[in-house]
file work12.cif (mmCIF, C-alpha atoms)
data_run
loop_
_atom_site.label_atom_id
_atom_site.label_comp_id
_atom_site.auth_asym_id
_atom_site.auth_seq_id
_atom_site.Cartn_x
_atom_site.Cartn_y
_atom_site.Cartn_z
CA MET A 1 12.42 -7.73 -20.72
CA SER A 2 12.47 -7.86 -24.47
CA ALA A 3 9.28 -7.26 -26.31
CA PRO A 4 8.37 -9.91 -28.84
CA HIS A 5 4.72 -9.86 -29.77
CA ASP A 6 2.67 -12.31 -27.75
CA SER A 7 -0.12 -13.20 -30.08
CA THR A 8 -1.69 -15.62 -27.64
CA SER A 9 -2.29 -13.09 -24.91
CA ALA A 10 -2.80 -9.70 -26.48
CA ASP A 11 -5.44 -8.33 -28.74
CA ASP A 12 -3.84 -7.30 -32.02
CA SER A 13 -5.66 -3.98 -32.17
CA ILE A 14 -4.70 -2.86 -28.66
CA PRO A 15 -1.00 -2.57 -27.86
CA ASN A 16 -0.45 -3.93 -24.36
CA GLY A 17 2.79 -1.97 -23.85
CA PRO A 18 1.37 0.83 -21.66
CA GLY A 19 -0.47 -1.66 -19.46
CA ALA A 20 2.56 -3.95 -19.26
CA ALA A 21 4.73 -0.96 -18.30
CA ALA A 22 2.36 -0.09 -15.44
CA ILE A 23 2.20 -3.71 -14.26
CA LEU A 24 5.95 -4.32 -14.33
CA ALA A 25 6.68 -0.93 -12.75
CA ALA A 26 4.25 -1.71 -9.92
CA GLY A 27 6.07 -4.98 -9.33
CA ILE A 28 9.42 -3.20 -9.37
CA GLY A 29 8.11 -0.58 -6.93
CA CYS A 30 6.88 -3.29 -4.54
CA GLY A 31 10.16 -5.22 -4.82
CA ALA A 32 12.18 -2.05 -4.28
CA LEU A 33 10.19 -1.30 -1.14
CA GLY A 34 11.05 -4.70 0.28
CA ILE A 35 14.72 -4.53 -0.68
CA LEU A 36 15.08 -1.03 0.77
CA ALA A 37 13.31 -2.04 3.98
CA LEU A 38 15.70 -4.97 4.37
CA ALA A 39 18.75 -2.84 3.54
CA ALA A 40 17.75 -0.19 6.07
CA ASP A 41 17.23 -2.85 8.72
CA ALA A 42 20.50 -4.64 7.97
CA SER A 43 22.80 -1.63 7.66
CA ASP A 44 23.01 1.32 10.01
CA ALA A 45 24.67 3.41 7.31
CA ILE A 46 21.85 2.76 4.82
CA GLY A 47 19.30 3.30 7.57
CA LYS A 48 20.78 6.70 8.38
CA ALA A 49 21.00 7.65 4.72
CA LEU A 50 17.31 6.82 4.30
CA ASN A 51 16.29 8.92 7.29
CA ILE A 52 15.24 11.90 5.20
CA TYR A 53 12.53 13.12 7.59
CA THR A 54 13.53 12.58 11.20
CA PRO A 55 10.05 12.38 12.81
CA THR A 56 9.21 9.45 10.51
CA GLY A 57 12.73 8.01 10.51
CA THR A 58 14.01 5.45 8.03
CA LEU A 59 10.51 4.74 6.75
CA SER A 60 10.49 8.16 5.07
CA GLY A 61 13.47 7.31 2.87
CA VAL A 62 12.50 3.69 2.24
CA THR A 63 9.09 4.68 0.90
CA THR A 64 10.20 7.83 -0.92
CA VAL A 65 13.00 6.06 -2.78
CA ALA A 66 10.69 3.12 -3.59
CA ILE A 67 8.12 5.54 -5.03
CA VAL A 68 10.77 7.33 -7.08
CA ILE A 69 11.99 3.97 -8.44
CA TRP A 70 8.41 2.90 -9.20
CA LEU A 71 7.43 6.12 -10.99
CA GLY A 72 10.78 6.43 -12.77
CA THR A 73 10.56 2.85 -14.03
CA TRP A 74 6.96 3.37 -15.09
CA LEU A 75 7.88 6.49 -17.07
CA ALA A 76 10.85 4.80 -18.74
CA LEU A 77 8.95 1.61 -19.61
CA SER A 78 5.95 3.59 -20.85
CA ARG A 79 8.14 5.53 -23.26
CA SER A 80 9.91 2.39 -24.36
CA TRP A 81 6.78 0.28 -24.87
CA GLN A 82 4.43 3.00 -26.18
CA GLY A 83 2.40 1.58 -29.06
CA LYS A 84 4.00 -1.86 -28.75
CA SER A 85 2.80 -5.24 -27.61
CA VAL A 86 5.10 -7.15 -25.30
CA ALA A 87 5.27 -10.66 -23.87
CA MET A 88 2.75 -10.28 -21.09
CA ALA A 89 3.44 -13.71 -19.62
CA LYS A 90 7.03 -12.70 -18.89
CA VAL A 91 5.95 -9.28 -17.60
CA ASN A 92 3.43 -10.91 -15.27
CA ALA A 93 5.90 -13.47 -14.00
CA ALA A 94 8.43 -10.75 -13.17
CA ALA A 95 5.80 -8.45 -11.64
CA PHE A 96 4.31 -11.15 -9.40
CA ALA A 97 7.78 -12.38 -8.35
CA LEU A 98 8.71 -8.82 -7.34
CA LEU A 99 5.39 -8.41 -5.53
CA ILE A 100 6.19 -11.52 -3.49
CA VAL A 101 9.66 -10.10 -2.80
CA GLY A 102 7.93 -6.97 -1.51
CA PHE A 103 5.72 -8.96 0.85
CA LEU A 104 8.50 -11.23 2.11
CA LEU A 105 11.18 -8.59 2.63
CA THR A 106 8.86 -6.37 4.64
CA PHE A 107 7.96 -9.28 6.96
CA PRO A 108 10.26 -8.89 10.00
CA PRO A 109 10.76 -12.62 10.78
CA PHE A 110 11.83 -13.21 7.17
CA MET A 111 14.15 -10.17 7.32
CA ASP A 112 15.69 -11.59 10.49
CA LEU A 113 16.07 -15.01 8.88
CA LEU A 114 17.98 -13.50 5.95
CA GLN A 115 20.24 -11.60 8.33
CA GLY A 116 20.85 -14.65 10.53
CA LYS A 117 19.37 -12.95 13.59
CA MET B 1 -17.71 14.21 24.71
CA GLU B 2 -14.21 15.17 23.72
CA ILE B 3 -11.38 13.88 21.59
CA SER B 4 -7.73 14.82 21.34
CA THR B 5 -6.24 15.97 18.04
CA ARG B 6 -4.00 12.88 17.98
CA ASP B 7 -6.99 10.59 18.56
CA LEU B 8 -8.83 12.39 15.79
CA TRP B 9 -5.97 11.95 13.31
CA THR B 10 -5.57 8.30 14.30
CA VAL B 11 -9.27 7.72 13.69
CA LEU B 12 -9.11 9.58 10.38
CA HIS B 13 -6.08 7.52 9.32
CA GLY B 14 -7.47 4.15 10.38
CA MET B 15 -11.22 4.49 10.04
CA GLY B 16 -11.70 7.49 7.79
CA PHE B 17 -9.22 6.50 5.09
CA GLY B 18 -7.98 2.97 5.79
CA ALA B 19 -11.23 1.23 6.71
CA LEU B 20 -13.10 2.97 3.90
CA PHE B 21 -10.42 1.84 1.46
CA MET B 22 -10.68 -1.70 2.86
CA LEU B 23 -14.46 -1.72 2.61
CA ALA B 24 -14.27 -0.57 -0.99
CA PHE B 25 -12.37 -3.70 -2.01
CA SER B 26 -15.40 -5.98 -2.11
CA GLY B 27 -17.08 -3.73 -4.66
CA ALA B 28 -13.90 -3.17 -6.66
CA LEU B 29 -12.97 -6.85 -6.86
CA ALA B 30 -16.51 -7.82 -7.84
CA GLU B 31 -16.69 -5.13 -10.54
CA LEU B 32 -13.18 -5.84 -11.85
CA TYR B 33 -14.00 -9.53 -12.08
CA ARG B 34 -17.30 -8.75 -13.80
CA LEU B 35 -15.61 -6.35 -16.23
CA SER B 36 -12.79 -8.75 -16.99
CA ALA B 37 -14.78 -11.96 -17.30
CA PRO B 38 -14.47 -13.02 -20.96
CA SER B 39 -18.24 -13.16 -21.39
CA ALA B 40 -18.86 -9.74 -19.87
CA ALA B 41 -17.70 -7.42 -22.62
CA ALA B 42 -21.11 -6.82 -24.06
CA GLN B 43 -22.82 -6.54 -20.69
CA VAL B 44 -20.89 -3.63 -19.17
CA SER B 45 -22.30 -0.27 -20.23
CA GLU B 46 -20.33 2.93 -20.72
CA ARG B 47 -21.99 4.39 -17.65
CA GLU B 48 -20.94 1.39 -15.54
CA GLN B 49 -17.40 1.75 -16.81
CA ARG B 50 -17.35 5.43 -15.88
CA LEU B 51 -18.62 4.59 -12.40
CA LEU B 52 -15.95 1.92 -11.98
CA LYS B 53 -13.26 4.40 -13.02
CA LEU B 54 -14.52 6.94 -10.48
CA TYR B 55 -14.70 4.21 -7.85
CA LEU B 56 -11.11 3.12 -8.50
CA VAL B 57 -9.77 6.68 -8.53
CA THR B 58 -11.46 7.26 -5.17
CA MET B 59 -9.86 4.07 -3.85
CA VAL B 60 -6.44 5.19 -5.04
CA ALA B 61 -6.90 8.55 -3.30
CA LEU B 62 -7.97 6.78 -0.09
CA ALA B 63 -4.98 4.43 -0.29
CA TRP B 64 -2.50 7.29 -0.61
CA LEU B 65 -4.23 9.35 2.09
CA THR B 66 -4.05 6.33 4.41
CA VAL B 67 -0.32 5.71 4.05
CA LEU B 68 0.66 9.38 3.95
CA SER B 69 -1.38 10.32 7.03
CA GLY B 70 -0.06 7.23 8.79
CA ALA B 71 3.60 7.79 7.99
CA TYR B 72 3.79 11.55 8.34
CA ILE B 73 1.17 12.44 10.95
CA VAL B 74 0.42 9.47 13.24
CA TYR B 75 3.69 7.50 13.09
CA PRO B 76 5.88 10.36 14.43
CA TRP B 77 3.67 10.45 17.53
CA TYR B 78 3.91 6.67 17.84
CA ARG B 79 7.71 6.66 17.73
CA ALA B 80 8.25 9.77 19.88
CA VAL B 81 11.17 9.45 22.28
CA PRO B 82 10.38 10.05 25.97
CA PRO B 83 12.61 12.37 28.02
CA ALA B 84 15.36 10.69 30.02
CA GLY B 85 14.06 9.16 33.23
CA ALA B 86 10.42 9.16 32.16
CA THR B 87 8.49 6.39 33.90
CA ASP B 88 5.04 7.03 32.47
CA LEU B 89 5.28 5.87 28.84
CA ALA B 90 1.59 6.25 28.02
CA ASP B 91 2.33 9.05 25.55
CA TYR B 92 5.15 7.08 23.89
CA PRO B 93 3.48 4.01 22.34
CA ARG B 94 6.60 2.48 20.78
CA ARG B 95 8.59 2.68 24.00
CA LEU B 96 5.59 1.45 25.96
CA LEU B 97 5.34 -1.68 23.81
CA LEU B 98 9.09 -2.31 23.94
CA SER B 99 9.18 -1.92 27.71
CA SER B 100 7.68 -5.38 28.24
CA GLY B 101 8.41 -8.77 26.70
CA LYS B 102 4.67 -9.38 26.69
CA THR B 103 4.06 -6.52 24.24
CA SER B 104 7.36 -5.93 22.45
CA GLU B 105 6.52 -8.17 19.49
CA TRP B 106 3.49 -6.02 18.73
CA HIS B 107 6.08 -3.45 17.72
CA ASN B 108 8.86 -5.71 16.41
CA ILE B 109 6.56 -7.71 14.14
CA GLY B 110 3.27 -5.82 14.05
CA MET B 111 4.35 -2.23 13.51
CA GLU B 112 7.54 -3.11 11.63
CA TRP B 113 5.53 -5.10 9.08
CA LYS B 114 2.53 -2.77 8.99
CA GLU B 115 4.54 0.39 8.37
CA HIS B 116 6.14 -1.10 5.25
CA VAL B 117 3.63 -3.55 3.80
CA ALA B 118 0.87 -0.93 3.77
CA TRP B 119 2.71 0.93 0.99
CA LEU B 120 2.26 -1.99 -1.40
CA ALA B 121 -1.47 -1.21 -1.50
CA PRO B 122 -1.41 2.28 -3.07
CA ILE B 123 1.27 1.25 -5.57
CA ALA B 124 -0.75 -1.80 -6.60
CA MET B 125 -4.10 0.02 -6.69
CA THR B 126 -2.69 2.91 -8.73
CA MET B 127 -1.62 0.38 -11.34
CA VAL B 128 -4.99 -1.41 -11.19
CA ALA B 129 -6.86 1.86 -11.69
CA TYR B 130 -4.58 3.02 -14.50
CA VAL B 131 -4.78 -0.23 -16.47
CA THR B 132 -8.55 -0.46 -15.98
CA MET B 133 -9.02 3.13 -17.13
CA LYS B 134 -6.63 2.71 -20.04
CA TYR B 135 -8.12 -0.51 -21.39
CA GLY B 136 -11.71 -0.57 -20.11
CA ARG B 137 -13.63 -3.43 -21.61
CA ALA B 138 -10.65 -4.33 -23.77
CA ILE B 139 -9.11 -5.81 -20.64
CA THR B 140 -11.26 -8.86 -21.29
CA ARG B 141 -9.08 -9.82 -24.23
CA PRO B 142 -5.46 -9.80 -22.98
CA ARG B 143 -5.75 -12.63 -20.44
CA HIS B 144 -2.43 -11.93 -18.73
CA MET B 145 -3.32 -8.30 -18.18
CA ARG B 146 -6.59 -9.36 -16.57
CA VAL B 147 -4.68 -11.76 -14.29
CA ALA B 148 -2.24 -9.00 -13.29
CA VAL B 149 -4.99 -6.50 -12.52
CA LEU B 150 -6.97 -8.95 -10.39
CA GLY B 151 -3.83 -10.36 -8.75
CA PHE B 152 -2.48 -6.96 -7.74
CA ALA B 153 -5.93 -5.88 -6.50
CA VAL B 154 -6.04 -8.96 -4.26
CA ALA B 155 -2.46 -8.27 -3.11
CA ALA B 156 -3.46 -4.69 -2.21
CA PHE B 157 -6.39 -6.09 -0.24
CA VAL B 158 -4.09 -8.49 1.67
CA ALA B 159 -1.54 -5.74 2.39
CA THR B 160 -4.31 -3.45 3.64
CA GLY B 161 -5.74 -6.25 5.76
CA VAL B 162 -2.37 -6.91 7.41
CA ALA B 163 -1.78 -3.21 8.07
CA GLY B 164 -5.32 -2.63 9.28
CA ALA B 165 -5.40 -5.62 11.60
CA PHE B 166 -2.07 -4.77 13.23
CA GLY B 167 -3.11 -1.13 13.40
CA ALA B 168 -6.23 -2.07 15.35
CA PHE B 169 -4.26 -4.26 17.79
CA LEU B 170 -1.51 -1.67 18.22
CA ASN B 171 -4.06 1.00 18.96
CA LYS B 172 -5.55 -1.30 21.59
CA TYR B 173 -2.29 -2.06 23.41
CA ALA B 174 -0.55 1.28 22.92
CA PRO B 175 -2.86 4.00 21.60
CA VAL B 176 -1.47 7.25 20.31
CA ARG B 177 -2.53 9.85 22.85
CA GLY B 178 -2.11 13.51 23.59
CA GLY B 179 -2.47 16.75 21.74
CA SER B 180 -5.00 19.47 22.31
CA VAL B 181 -8.52 18.51 23.26
CA ILE B 182 -11.50 19.11 21.00
CA ILE B 183 -14.82 19.23 22.87
CA LEU B 184 -17.46 17.73 20.62
CA MET B 185 -20.42 17.90 22.96
CA GLU B 186 -21.21 18.78 26.58
CA GLY B 187 -23.40 16.34 28.52
CA GLU B 188 -25.14 16.19 31.85
CA PRO B 189 -22.89 14.94 34.71
#

call {"tool": "encode", "arguments": {"input": "work12.cif", "output": "structure tokens"}}
result
Amino acid sequence: MSAPHDSTSADDSIPNGPGAAAILAAGIGCGALGILALAADASDAIGKALNIYTPTGTLSGVTTVAIVIWLGTWLALSRSWQGKSVAMAKVNAAAFALLIVGFLLTFPPFMDLLQGK
Amino acid sequence: MEISTRDLWTVLHGMGFGALFMLAFSGALAELYRLSAPSAAAQVSEREQRLLKLYLVTMVALAWLTVLSGAYIVYPWYRAVPPAGATDLADYPRRLLLSSGKTSEWHNIGMEWKEHVAWLAPIAMTMVAYVTMKYGRAITRPRHMRVAVLGFAVAAFVATGVAGAFGAFLNKYAPVRGGSVIILMEGEP
């Protein structure tokens, strides 16, 4: 996501970079959650690898890894976009698309559809 | 009047944290919309902004407490494995649901969706709170940021609604039971 200034959507005096970083990272975290949930459901090996706390099972790894991805992305984007203004329309489009991925890939009938079950 | 420790934790998870978080959405969405409406910049006082920040931080805490207590305290009891040959599955909600075709989809769709989709809410609300605190009234100017904040807040509400609704049904068909008993009050027989 390159960062040309979007003069139509951002106030010139307030860099939108930190906000954009939080928004895109939240989308990435939600998308990662869905992708990991699907991967754990589709593959026994991935499911076992994500079982990092046995009483909670695979859910423990799916959510922990998603949170690490979310926070890591947020930190990296925040550093990269500190004091800058970025193209918020593109950030929003990516964030909302990933949010939808998160919803869809956690929905069991959709997971089954993708796996041909 | 008594309650088991598992009942108590389930109530704390669903009603203490989850329902309170859900109830808080109406106020948060109304205030976020009011704060972010283009004509509202001059109408929102510093005090109101401080209250909104406190409100959102409380919501974020409730969201994380809900998913963490659910995943690491209540869910292990839900998915406990009964000993071989067990016929009474009342203390093993997952196995109880899966033991009948009439209830198995409450687990296969209800719990499987709830346990994952619920985590979208704290991620989304943390972002909403951060951006609102970072930009305050300035959020009225970058239109796309306003759209993202309101959109993710609504998404968190939907995710919480899905998780809460399935949680209520699951607790009706296969409640988490057991644990030590806490006597709250003695009554007349």

call {"tool": "residues_near_point", "arguments": {"input": "work12.cif", "point": "(9.5, -8.5, 5.1)", "cutoff": "9 Å", "atoms": "only C-alpha atoms", "output": "tab-separated table (two decimals) with C-alpha atoms, in the coordinates of the input"}}
result
chain	number	residue	atom	x	y	z
A	34	GLY	CA	11.05	-4.70	0.28
A	35	ILE	CA	14.72	-4.53	-0.68
A	37	ALA	CA	13.31	-2.04	3.98
A	38	LEU	CA	15.70	-4.97	4.37
A	101	VAL	CA	9.66	-10.10	-2.80
A	102	GLY	CA	7.93	-6.97	-1.51
A	103	PHE	CA	5.72	-8.96	0.85
A	104	LEU	CA	8.50	-11.23	2.11
A	105	LEU	CA	11.18	-8.59	2.63
A	106	THR	CA	8.86	-6.37	4.64
A	107	PHE	CA	7.96	-9.28	6.96
A	108	PRO	CA	10.26	-8.89	10.00
A	109	PRO	CA	10.76	-12.62	10.78
A	110	PHE	CA	11.83	-13.21	7.17
A	111	MET	CA	14.15	-10.17	7.32
A	112	ASP	CA	15.69	-11.59	10.49
B	112	GLU	CA	7.54	-3.11	11.63
B	113	TRP	CA	5.53	-5.10	9.08
B	116	HIS	CA	6.14	-1.10	5.25
B	117	VAL	CA	3.63	-3.55	3.80

call {"tool": "closest_atom_pairs", "arguments": {"input": "work12.cif", "of": "chain A", "to": "chain B", "cutoff": "9 Å", "atoms": "all atoms listed in the file", "output": "CSV"}}
result
residue,atom,partner,partner_atom,distance
A:Thr8,CA,B:Pro142,CA,8.4
A:Ser9,CA,B:Pro142,CA,5.0
A:Ala10,CA,B:Pro142,CA,4.4
A:Asp11,CA,B:Pro142,CA,5.9
A:Ile14,CA,B:Ala138,CA,7.8
A:Asn16,CA,B:Pro142,CA,7.8
A:Pro18,CA,B:Val131,CA,8.1
A:Gly19,CA,B:Val131,CA,5.4
A:Ala20,CA,B:Met145,CA,7.4
A:Ala22,CA,B:Met127,CA,5.7
A:Ile23,CA,B:Met127,CA,6.3
A:Ala25,CA,B:Met127,CA,8.5
A:Ala26,CA,B:Ala124,CA,6.0
A:Gly27,CA,B:Ala124,CA,8.0
A:Gly29,CA,B:Ile123,CA,7.2
A:Cys30,CA,B:Leu120,CA,5.7
A:Leu33,CA,B:His116,CA,7.6
A:Gly34,CA,B:His116,CA,7.9
A:Ala37,CA,B:His116,CA,7.3
A:Tyr53,CA,B:Tyr72,CA,8.9
A:Thr54,CA,B:Pro76,CA,8.6
A:Pro55,CA,B:Pro76,CA,4.9
A:Thr56,CA,B:Pro76,CA,5.2
A:Gly57,CA,B:Pro76,CA,8.2
A:Leu59,CA,B:His116,CA,7.4
A:Ser60,CA,B:Ala71,CA,7.5
A:Val62,CA,B:His116,CA,8.5
A:Thr63,CA,B:Trp119,CA,7.4
A:Ile67,CA,B:Ile123,CA,8.1
A:Trp70,CA,B:Ile123,CA,8.2
A:Met88,CA,B:His144,CA,5.9
A:Ala89,CA,B:His144,CA,6.2
A:Val91,CA,B:His144,CA,8.9
A:Asn92,CA,B:Ala148,CA,6.3
A:Ala95,CA,B:Ala148,CA,8.2
A:Phe96,CA,B:Ala148,CA,7.9
A:Leu99,CA,B:Ala155,CA,8.2
A:Gly102,CA,B:Leu120,CA,7.5
A:Phe103,CA,B:Val117,CA,6.5
A:Thr106,CA,B:Trp113,CA,5.7
A:Phe107,CA,B:Trp113,CA,5.3
A:Pro108,CA,B:Ile109,CA,5.7
A:Pro109,CA,B:Ile109,CA,7.3

call {"tool": "residues_around", "arguments": {"input": "work12.cif", "residues": "Ala49 (chain A)", "least_positions_apart": "3", "cutoff": "9 Å", "atoms": "only C-alpha atoms", "output": "list in words"}}
result
Ala40, Asp44, Ala45, Ile46, Ile52, Thr58 and Gly61 of chain A

call {"tool": "residues_near_point", "arguments": {"input": "work12.cif", "point": "(-11.5, 2.4, -4.3)", "cutoff": "12 Å", "atoms": "only C-alpha atoms", "output": "PyMOL selection string"}}
result
chain B and resi 17-32+51-65+121-122+124-126+128-129+153+156-157

call {"tool": "resolve_selection", "arguments": {"input": "work12.cif", "expression": "the PyMOL selection byres ((chain B and resi 5) around 6)", "output": "MDAnalysis selection string"}}
result
chainID B and resid 4 6:8 179:180

call {"tool": "write_last_selection", "arguments": {"input": "work12.cif", "atoms": "C-alpha atoms", "output": "compact mmCIF listing (two decimals), keeping the file's coordinate frame"}}
result
# COMPACT_ATOMS: atom_id res chain seq x y z
CA SER B 4 -7.73 14.82 21.34
CA ARG B 6 -4.00 12.88 17.98
CA ASP B 7 -6.99 10.59 18.56
CA LEU B 8 -8.83 12.39 15.79
CA GLY B 179 -2.47 16.75 21.74
CA SER B 180 -5.00 19.47 22.31

call {"tool": "atom_distance", "arguments": {"input": "work12.cif", "atom1": "CA of Ala90 (chain B)", "atom2": "CA of Ser104 (chain B)"}}
result
14.6 Å

call {"tool": "atom_distance", "arguments": {"input": "work12.cif", "atom1": "CA of Thr10 (chain B)", "atom2": "CA of Lys48 (chain A)"}}
result
27.1 Å

call {"tool": "atom_distance", "arguments": {"input": "work12.cif", "atom1": "CA of Tyr173 (chain B)", "atom2": "CA of Asp88 (chain B)"}}
result
14.8 Å

call {"tool": "resolve_selection", "arguments": {"input": "work12.cif", "expression": "the PyMOL selection byres ((chain B and resi 169-172) around 8)", "output": "MDAnalysis selection string"}}
result
chainID B and resid 106:107 110:111 165:168 173:176

call {"tool": "decode", "arguments": {"input": "work12.cif", "residues": "region 35-78 of chain B", "atoms": "C-alpha atoms", "output": "mmCIF file, in the first residue's frame"}}
result
data_model
loop_
_atom_site.group_PDB
_atom_site.id
_atom_site.type_symbol
_atom_site.label_atom_id
_atom_site.label_comp_id
_atom_site.auth_asym_id
_atom_site.auth_seq_id
_atom_site.Cartn_x
_atom_site.Cartn_y
_atom_site.Cartn_z
ATOM 1 C CA LEU B 35 -18.664 13.057 17.002
ATOM 2 C CA SER B 36 -17.939 12.236 13.383
ATOM 3 C CA ALA B 37 -20.859 14.017 11.745
ATOM 4 C CA PRO B 38 -19.321 16.847 9.696
ATOM 5 C CA SER B 39 -21.465 19.459 11.428
ATOM 6 C CA ALA B 40 -20.662 18.251 14.931
ATOM 7 C CA ALA B 41 -17.119 19.496 15.412
ATOM 8 C CA ALA B 42 -18.075 22.615 17.263
ATOM 9 C CA GLN B 43 -20.763 20.936 19.339
ATOM 10 C CA VAL B 44 -18.706 18.257 21.106
ATOM 11 C CA SER B 45 -17.038 19.583 24.245
ATOM 12 C CA GLU B 46 -13.706 18.455 25.651
ATOM 13 C CA ARG B 47 -15.511 16.846 28.558
ATOM 14 C CA GLU B 48 -17.753 14.868 26.203
ATOM 15 C CA GLN B 49 -14.710 13.717 24.281
ATOM 16 C CA ARG B 50 -13.032 12.555 27.490
ATOM 17 C CA LEU B 51 -16.162 10.638 28.459
ATOM 18 C CA LEU B 52 -16.319 8.998 25.036
ATOM 19 C CA LYS B 53 -12.682 7.942 25.332
ATOM 20 C CA LEU B 54 -13.327 6.412 28.762
ATOM 21 C CA TYR B 55 -16.447 4.725 27.406
ATOM 22 C CA LEU B 56 -14.549 3.216 24.471
ATOM 23 C CA VAL B 57 -11.636 2.050 26.631
ATOM 24 C CA THR B 58 -14.136 0.331 28.935
ATOM 25 C CA MET B 59 -15.736 -1.334 25.902
ATOM 26 C CA VAL B 60 -12.357 -2.549 24.684
ATOM 27 C CA ALA B 61 -11.609 -4.020 28.123
ATOM 28 C CA LEU B 62 -15.022 -5.739 28.174
ATOM 29 C CA ALA B 63 -14.469 -7.116 24.664
ATOM 30 C CA TRP B 64 -11.117 -8.655 25.581
ATOM 31 C CA LEU B 65 -12.415 -9.982 28.900
ATOM 32 C CA THR B 66 -15.320 -11.607 27.040
ATOM 33 C CA VAL B 67 -13.217 -13.493 24.493
ATOM 34 C CA LEU B 68 -10.422 -14.393 26.904
ATOM 35 C CA SER B 69 -12.765 -15.715 29.604
ATOM 36 C CA GLY B 70 -14.717 -17.570 26.927
ATOM 37 C CA ALA B 71 -11.734 -19.184 25.239
ATOM 38 C CA TYR B 72 -9.609 -19.978 28.266
ATOM 39 C CA ILE B 73 -12.090 -20.579 31.095
ATOM 40 C CA VAL B 74 -15.509 -21.635 29.742
ATOM 41 C CA TYR B 75 -14.581 -23.258 26.412
ATOM 42 C CA PRO B 76 -12.306 -25.936 27.955
ATOM 43 C CA TRP B 77 -15.268 -27.086 30.059
ATOM 44 C CA TYR B 78 -17.493 -27.071 26.976
#
